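Notes to accompany the following structure.
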Amino acid sequence: MNITIIGTGYVGLITGSIFSDRSNTVYCVDSNQTIIENLNQCKLHIYEPRLKELIIKNKDKGLFFTTNLNKAIKNSDIVFMCVGTPSDEDGSFNLKYIKSVAEGIGEVFKECNGFKIVVCKSTVPQGTHKVVSDIINKKSKENHQLEWEYVSNPETLAEGSAVSNFSSPDRIIIGTNSSKALEVMKQLYHSFVLKDSENRFKIGSPADAELAKLYSNTALATRIAMVNEFARIADHTDGADMDTIRRMLCSDSRIGYKFMYPSPGYGGSCFPKDILGLVSQSKLNEYQPLLLNTIDKSNELQKDYIASKVLSVLGPGKKVAIWGLTFKPNTDDMRESASIKVINKLLENGYNISVYDPKDNKAKEIFKDKIIFHNQKYSAIENTDAVILLTEWRQFDSPDFKLMKEKMNGNYIFDFRNRWLPKIVNSYNFNYYGVGRNYPLE
Ligand code: UGA
């Protein structure tokens, strides 16, 4: 099939490069000339494992990067909208990019014929399908030479594993009112669901698909907010250990193990934004959600709580090393990362901070010279009072605690991903602090 992808962020680039790898012809369009020039030289503005290799393999064979929306859409059967929906100040989804893309599509549709499908992959508030359809119909002046249909096909990619998520999806959500469009979408995704095609397509209306995506992220964020709240509760008991509790709980198959790891608070471009957007949209629809506001507040509280924990143990004006800055491993994405809040609070309290993160390019833009960046995890910890683990990159899984003890001045370890065994850490004469970890047995 011939496909246009509008927007070359995480979602657009991954969608485009994988569809081209499955022998479709894909035009990735962006209005930003520099981004397109760089992509044409295989220079990526984001880091995602395996993405660059896919682009190098397919570029100019079935994968093209262009600013020419007109030509791309005219040559395509399907047009994917993959642009951002950032938050407005009140938390609501800002649809300016979606609307402007819809205008652009409508303009080109004036001169098209045959059958085309417009697919929205961006995370959008419920009701966006109507907004986009109205704009396209108005702009294309209801060109009778062209039949077109709308599909909501929200992305379910997690950064860091997005290529494998897309290649072997556990579900493909398709929201459409058109059986013709549904058949084309099933054909497009057929090779991705060979094992169990009928069960992995989740089909409903555009309204269903839009809200299902928001519910999915809210459900995951709620689990994390809840596990972190219990970690705070555990900290205020006379010895309950969150890691032990987590294991006791997760073996209940109704609960399970995923998204149950205590942390310094969830970050990323999705959970925080989607929950606030949902709250604000519900209010517009004259419904006051009860739980949703609390999830976000509880998560922000966790970020503060983590910083306060360091301050209460060490006091002000210390020298610490932070391992891991990104909101999760295997990405360079810093959006809403707990590290931002934690570092700023420590800086306010006169801390001298050295850091190591395997992908620190975006963190450097945020912190500039306020903190000291190192290229190696052990050089960052020299003469520090404490090491604080914020992101669980594999590089930090089995550190040499003996070497750490030699290099550091102090003896404090804050393991805010609960990755290390307290007994082992303490055996090197460190004082170990985790998230909700108390008197652990192992
Ligand atoms: C999330 C969803 O997982 C995807 O399914 C969805 O498609 C995506 O949002 C989106 O809407 O685009 P993502 O934000 O990339 O993906 O990353 P996650 O793996 O979900 O992690 C989000 C945050 O939760 C991270 O800060 C992570 O450290 C934290 N987390 C995750 C925990 O604190 N504890 C856990 O047990 C799991």
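Residues are referred to by chain and number: the chain letter is A, B, ... according to the order shown in the structure tokens, the number counts from 1 in that chain, and ligands are numbered separately from 1 in the order shown.
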
Name the residues, by chain letter and number, that sit within 7 Å of ligand 1 using only C-alpha atoms and all ligand atoms, and give them as JSON, numbers by chain. {"A": [123, 155, 156, 157, 158, 159, 217, 221, 224, 258, 259, 260, 261, 262, 263, 264, 265, 266, 267, 268, 269, 270, 271, 327, 328, 337]}

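Using only C-alpha atoms, the contacts of segment 69-84 of chain A at a cut-off of 7 Å, with sequence neighbours closer than 5 positions omitted, comprise Met1, Asn2, Ile3, Thr4, Ile5, Ile6, Gly7, Val11, Gly12, Tyr27, Val29, Tyr97, Ile98, Val108, Cys112, Lys116, Ile117, Val118, Val119, Cys120, Lys121 and Ser122 of chain A.
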
Shell of 9 Å around Asp385 of chain A, only C-alpha atoms, local chain residues under 3 positions omitted, as a PyMOL selection string: chain A and resi 314+318-321+381+408-413

Go ahead and dump the residues you just picked, all heavy atoms, as an mmCIF file, in the first residue's frame.
data_model
loop_
_atom_site.group_PDB
_atom_site.id
_atom_site.type_symbol
_atom_site.label_atom_id
_atom_site.label_comp_id
_atom_site.auth_asym_id
_atom_site.auth_seq_id
_atom_site.Cartn_x
_atom_site.Cartn_y
_atom_site.Cartn_z
ATOM 1 N N LEU A 314 20.312 13.373 54.407
ATOM 2 C CA LEU A 314 21.645 13.978 54.252
ATOM 3 C C LEU A 314 21.743 15.409 54.778
ATOM 4 O O LEU A 314 22.839 15.878 55.089
ATOM 5 C CB LEU A 314 22.052 13.995 52.777
ATOM 6 C CG LEU A 314 22.201 12.653 52.044
ATOM 7 C CD1 LEU A 314 22.623 12.896 50.602
ATOM 8 C CD2 LEU A 314 23.219 11.754 52.737
ATOM 9 N N LYS A 318 24.977 19.067 50.178
ATOM 10 C CA LYS A 318 25.848 17.891 50.009
ATOM 11 C C LYS A 318 26.257 17.716 48.536
ATOM 12 O O LYS A 318 25.752 18.393 47.643
ATOM 13 C CB LYS A 318 25.108 16.632 50.488
ATOM 14 C CG LYS A 318 24.846 16.637 51.984
ATOM 15 C CD LYS A 318 26.141 16.481 52.758
ATOM 16 C CE LYS A 318 25.971 16.273 54.217
ATOM 17 N NZ LYS A 318 25.509 17.446 54.976
ATOM 18 N N LYS A 319 27.210 16.807 48.344
ATOM 19 C CA LYS A 319 27.657 16.488 46.973
ATOM 20 C C LYS A 319 27.144 15.078 46.645
ATOM 21 O O LYS A 319 27.485 14.124 47.360
ATOM 22 C CB LYS A 319 29.183 16.546 46.924
ATOM 23 C CG LYS A 319 29.787 16.245 45.563
ATOM 24 C CD LYS A 319 31.293 16.573 45.596
ATOM 25 C CE LYS A 319 32.084 15.964 44.456
ATOM 26 N NZ LYS A 319 31.674 16.319 43.131
ATOM 27 N N VAL A 320 26.304 14.982 45.630
ATOM 28 C CA VAL A 320 25.730 13.664 45.311
ATOM 29 C C VAL A 320 25.890 13.350 43.827
ATOM 30 O O VAL A 320 26.045 14.252 42.993
ATOM 31 C CB VAL A 320 24.216 13.591 45.665
ATOM 32 C CG1 VAL A 320 23.996 13.709 47.158
ATOM 33 C CG2 VAL A 320 23.417 14.637 44.902
ATOM 34 N N ALA A 321 25.853 12.045 43.537
ATOM 35 C CA ALA A 321 25.847 11.607 42.133
ATOM 36 C C ALA A 321 24.477 11.042 41.820
ATOM 37 O O ALA A 321 23.891 10.337 42.650
ATOM 38 C CB ALA A 321 26.893 10.531 41.928
ATOM 39 N N ILE A 381 30.742 9.481 40.511
ATOM 40 C CA ILE A 381 30.513 9.306 41.964
ATOM 41 C C ILE A 381 31.720 9.716 42.813
ATOM 42 O O ILE A 381 31.661 9.667 44.036
ATOM 43 C CB ILE A 381 30.146 7.843 42.301
ATOM 44 C CG1 ILE A 381 31.338 6.898 42.088
ATOM 45 C CG2 ILE A 381 28.970 7.378 41.474
ATOM 46 C CD1 ILE A 381 31.053 5.490 42.579
ATOM 47 N N MET A 408 33.742 7.018 46.726
ATOM 48 C CA MET A 408 32.872 8.003 47.382
ATOM 49 C C MET A 408 33.457 8.469 48.711
ATOM 50 O O MET A 408 34.227 7.759 49.340
ATOM 51 C CB MET A 408 31.486 7.381 47.644
ATOM 52 C CG MET A 408 30.707 7.114 46.372
ATOM 53 S SD MET A 408 29.291 6.025 46.662
ATOM 54 C CE MET A 408 28.298 6.983 47.797
ATOM 55 N N ASN A 409 33.019 9.660 49.114
ATOM 56 C CA ASN A 409 33.387 10.136 50.451
ATOM 57 C C ASN A 409 32.424 9.599 51.493
ATOM 58 O O ASN A 409 32.812 9.254 52.593
ATOM 59 C CB ASN A 409 33.300 11.670 50.514
ATOM 60 C CG ASN A 409 34.603 12.305 50.098
ATOM 61 O OD1 ASN A 409 35.614 11.620 50.013
ATOM 62 N ND2 ASN A 409 34.577 13.604 49.835
ATOM 63 N N GLY A 410 31.143 9.600 51.107
ATOM 64 C CA GLY A 410 30.104 9.208 52.058
ATOM 65 C C GLY A 410 29.683 7.766 51.857
ATOM 66 O O GLY A 410 30.261 7.038 51.044
ATOM 67 N N ASN A 411 28.653 7.364 52.591
ATOM 68 C CA ASN A 411 28.235 5.967 52.505
ATOM 69 C C ASN A 411 26.717 5.832 52.397
ATOM 70 O O ASN A 411 26.105 5.011 53.060
ATOM 71 C CB ASN A 411 28.780 5.175 53.699
ATOM 72 C CG ASN A 411 28.352 5.799 55.008
ATOM 73 O OD1 ASN A 411 27.773 6.880 55.003
ATOM 74 N ND2 ASN A 411 28.617 5.129 56.107
ATOM 75 N N TYR A 412 26.127 6.670 51.552
ATOM 76 C CA TYR A 412 24.678 6.608 51.391
ATOM 77 C C TYR A 412 24.309 6.185 49.964
ATOM 78 O O TYR A 412 24.859 6.715 48.991
ATOM 79 C CB TYR A 412 24.039 7.966 51.692
ATOM 80 C CG TYR A 412 24.076 8.276 53.167
ATOM 81 C CD1 TYR A 412 25.150 8.989 53.711
ATOM 82 C CD2 TYR A 412 23.074 7.816 54.005
ATOM 83 C CE1 TYR A 412 25.207 9.246 55.067
ATOM 84 C CE2 TYR A 412 23.125 8.073 55.368
ATOM 85 C CZ TYR A 412 24.184 8.778 55.895
ATOM 86 O OH TYR A 412 24.234 9.019 57.231
ATOM 87 N N ILE A 413 23.378 5.243 49.866
ATOM 88 C CA ILE A 413 22.881 4.791 48.566
ATOM 89 C C ILE A 413 21.369 4.943 48.569
ATOM 90 O O ILE A 413 20.683 4.398 49.434
ATOM 91 C CB ILE A 413 23.203 3.285 48.345
ATOM 92 C CG1 ILE A 413 24.704 3.040 48.343
ATOM 93 C CG2 ILE A 413 22.528 2.754 47.073
ATOM 94 C CD1 ILE A 413 25.413 3.355 47.062
#

Once DSSP has gone over the backbone, tell me which residues of segment 75-238 of chain A are in alpha helix (DSSP H), as a VMD selection string. chain A and resid 96 to 109 128 to 139 162 to 167 179 to 189 197 to 200 206 to 235

Selection: 6 Å around segment 423-436 of chain A, only C-alpha atoms, excl. self and same-chain fewer than 3 positions, as a PyMOL selection string: chain A and resi 231-232+234-235+242+411-416+418
